Each structure stands twice: as structure tokens, then as C-alpha cells.
Amino acid sequence: MTEDAKKTLEENFRQQNKSCFILGASGETGRLLLQELLDRNIFSKITLIGRRRLTFEGEAYENLAQEVVDFEKLDDYAAAFTGHDVGYCCLGTTRAKAGADGFIRVDHDYVLKSAELAKSGGCTQFHLESSRGADKNSSFLYLKVKGQVEADIEALGFDRYAIYRPGVLLVDRQESRPGEWAARKFFGAFSAVFSTSMSIPIQAVAKAMVSNTLLQPEQKTEILENKAITALGKSSGK
């Protein structure tokens with residue numbers, strides 16, 4: 001895609017005066033997704049939905065809306081999910097951090113309930129950051145939960161639903177996770193020589209999610225594996 005074509009897509013989308021929300025903007029992907037959305041300026045309004053207000057510096061963040069919710073009582077905060085055209089979900093935790101039950105509650109229950117409220121509130125397009133290997137029939141808890149929430153959100157019937165399944169995210173997290181750190185170091189060196197089927201820079205995921213928003217695929221549900229995310233992330237430029 002040429003640079004002129006990209007600009008045309010952005011301008012056409014911008015003229016539709018759409019709004020969006022982001023779940024998980026305090027995390028690594030969510031933070032870069034927000035920055036990419038602000039840089040490309042394709043939405044008339046961006047709302048962050050989370051358990052606490054986030055603090056930003058700079059004029060670019062002045063017009064952000066923020067909704068603070070209690071994820072254990074999301075029905076009480078249905079208004080926060082109302083009136084958005086597009087939803088982005090980068091919400092997630094780990095079993096090591098939250099325990100098995102806590103992981104399921106965050107990565108499945110919170111995510112699914114948020115999607116349900118967004119759909120009821122008029123959201124027509126939903127973008128979910130999932131994981132490579134997600135499979136509701138997997139014997140591994142992490143992949144099983146990721147696959148189950150993918151399927152449950154698809155059943156809600158969004159007009160458009162995009163699932164992103166990146167490999168190992170190449171990023172220096174603000175919070176230390178030794179196992180992930182080692183994997184990132186290994187795959188960072190590995191991907192410099194071999195293919196990108198196993199890992200991906202986190203910036204590419206954020207760029208791909210924004211670029212894909214501008215497209216109009218024929219199918220209502222699409223699954224983007226690591227290679228497709230990488231290609232789309234590169235095509236966005238910058």
C-alpha cells in the first residue's frame with residue numbers, strides 16, 4: 001500500500017467522526033496503542049476505561065476521556081461502555097501474578113463482560129489482543145482461557161471482530177517477569193536472523209491494530225496470526 005493510499009484511508013475514516021475506547025491502556029500494548037491512535041488522529045474521541053485514572057503529560061493527552069470502573073461490578077458502569085463505535089481490548093494479567101482464578105477472572109470474565117456492555121452500548125467493531133496458540137480446547141490454562149474468550153466474544157455478533165494473536169512480545173516491561181524477560185532476549189536475537197513467526201515487537205502490534213481498523217474485510221470475524229500482524233505493523237509506516 002502506498003503512502004497516499006494510507007493517508008486516504010485515514011482521512012476517510014476520520015471524516016466519519018467515530019469514537020473509541022481502550023481497555024488496558026496502562027499495559028505495554030495499550031500504552032503504545034493509545035500513542036499510535038493519538039499520532040494518527042483518526043478518532044474524534046478516545047476514552048480510556050480502567051480501574052484507576054492514568055496520568056499523562058503533554059498537550060496530546062488533554063482531550064482524552066477517562067472512565068474509572070470496578071471490574072467486579074461492571075453492570076454498575078454500563079454507561080462507561082455506551083456510545084463508542086470501536087473498542088480495543090489489551091486487558092490481561094498472568095497466572096503468576098493473579099493466581100489461576102484471578103487470571104481467568106481478568107482475561108476471560110472482565111474482558112467478556114466489557115465486550116457485552118460495549119455491544120449493548122452501540123459498539124460495532126471490537127479488536128482483541130489475544131495470544132499465539134490460543135485454543136479453547138487446549139490443555140494449557142493460558143491458551144485455553146484466551147481461546148475461550150475469543151469464541152465467547154465472537155458469539156456476541158459484532159459487525160466486525162478482529163483477533164490478534166501475537167507471539168512473544170519484544171518489549172521491556174515496566175514490571176519484571178523473569179521468564180518473559182528471558183524469552184524476549186532469546187527471540188529478540190532469534191528474530192534478527194530467522195522468521196518472525198515466534199516473536200514480534202510490541203510497537204508492531206499497536207500499529208497493526210490501528211491500521212487494521214481502517215480496512216474493510218469481507219468477513220465479520222478475522223484472526224491475525226503473528227506473521228500477518230508483523231506485515232500489517234510494518235505497512236503502517238513511521
# chains A, B, ... in the order shown; residues from 1 in each chain; ligands from 1
call {"tool": "residues_around", "arguments": {"residues": "range 65-82 of chain A", "least_positions_apart": "4", "cutoff": "7 Å", "atoms": "only C-alpha atoms", "output": "PyMOL selection string"}}
result
chain A and resi 46-53+110+117-118+121-122
call {"tool": "closest_atom_pairs", "arguments": {"of": "range 57-126 of chain A", "to": "range 198-216 of chain A", "cutoff": "12 Å", "atoms": "only C-alpha atoms", "output": "JSON lines"}}
result
{"residue": "A:Asp85", "atom": "CA", "partner": "A:Thr213", "partner_atom": "CA", "distance": 11.1}
{"residue": "A:Val86", "atom": "CA", "partner": "A:Thr213", "partner_atom": "CA", "distance": 8.5}
{"residue": "A:Gly87", "atom": "CA", "partner": "A:Thr213", "partner_atom": "CA", "distance": 10.1}
{"residue": "A:Tyr88", "atom": "CA", "partner": "A:Met209", "partner_atom": "CA", "distance": 8.4}
{"residue": "A:Cys89", "atom": "CA", "partner": "A:Met209", "partner_atom": "CA", "distance": 10.4}
{"residue": "A:Cys90", "atom": "CA", "partner": "A:Ala206", "partner_atom": "CA", "distance": 9.9}
{"residue": "A:Thr124", "atom": "CA", "partner": "A:Thr213", "partner_atom": "CA", "distance": 11.7}
{"residue": "A:Gln125", "atom": "CA", "partner": "A:Thr213", "partner_atom": "CA", "distance": 8.5}
{"residue": "A:Phe126", "atom": "CA", "partner": "A:Thr213", "partner_atom": "CA", "distance": 9.3}
call {"tool": "write_last_selection", "arguments": {"atoms": "C-alpha atoms", "output": "PDB file, in the first residue's frame"}}
result
ATOM      1  CA  ASP A  85     -18.053   2.913  17.742  1.00  0.00           C
ATOM      2  CA  VAL A  86     -14.861   0.895  18.174  1.00  0.00           C
ATOM      3  CA  GLY A  87     -13.464  -1.000  21.149  1.00  0.00           C
ATOM      4  CA  TYR A  88      -9.875  -2.101  21.757  1.00  0.00           C
ATOM      5  CA  CYS A  89      -9.058  -4.635  24.453  1.00  0.00           C
ATOM      6  CA  CYS A  90      -5.495  -5.104  25.696  1.00  0.00           C
ATOM      7  CA  THR A 124     -19.979  -2.261  16.288  1.00  0.00           C
ATOM      8  CA  GLN A 125     -16.263  -3.030  15.942  1.00  0.00           C
ATOM      9  CA  PHE A 126     -14.147  -4.870  18.544  1.00  0.00           C
TER      10      PHE A 126
END
call {"tool": "closest_residue", "arguments": {"among": "A:Ser131, A:Leu91, A:Ile163, A:Ile153", "to": "Glu28 in chain A", "atoms": "only C-alpha atoms"}}
result
A:Leu91
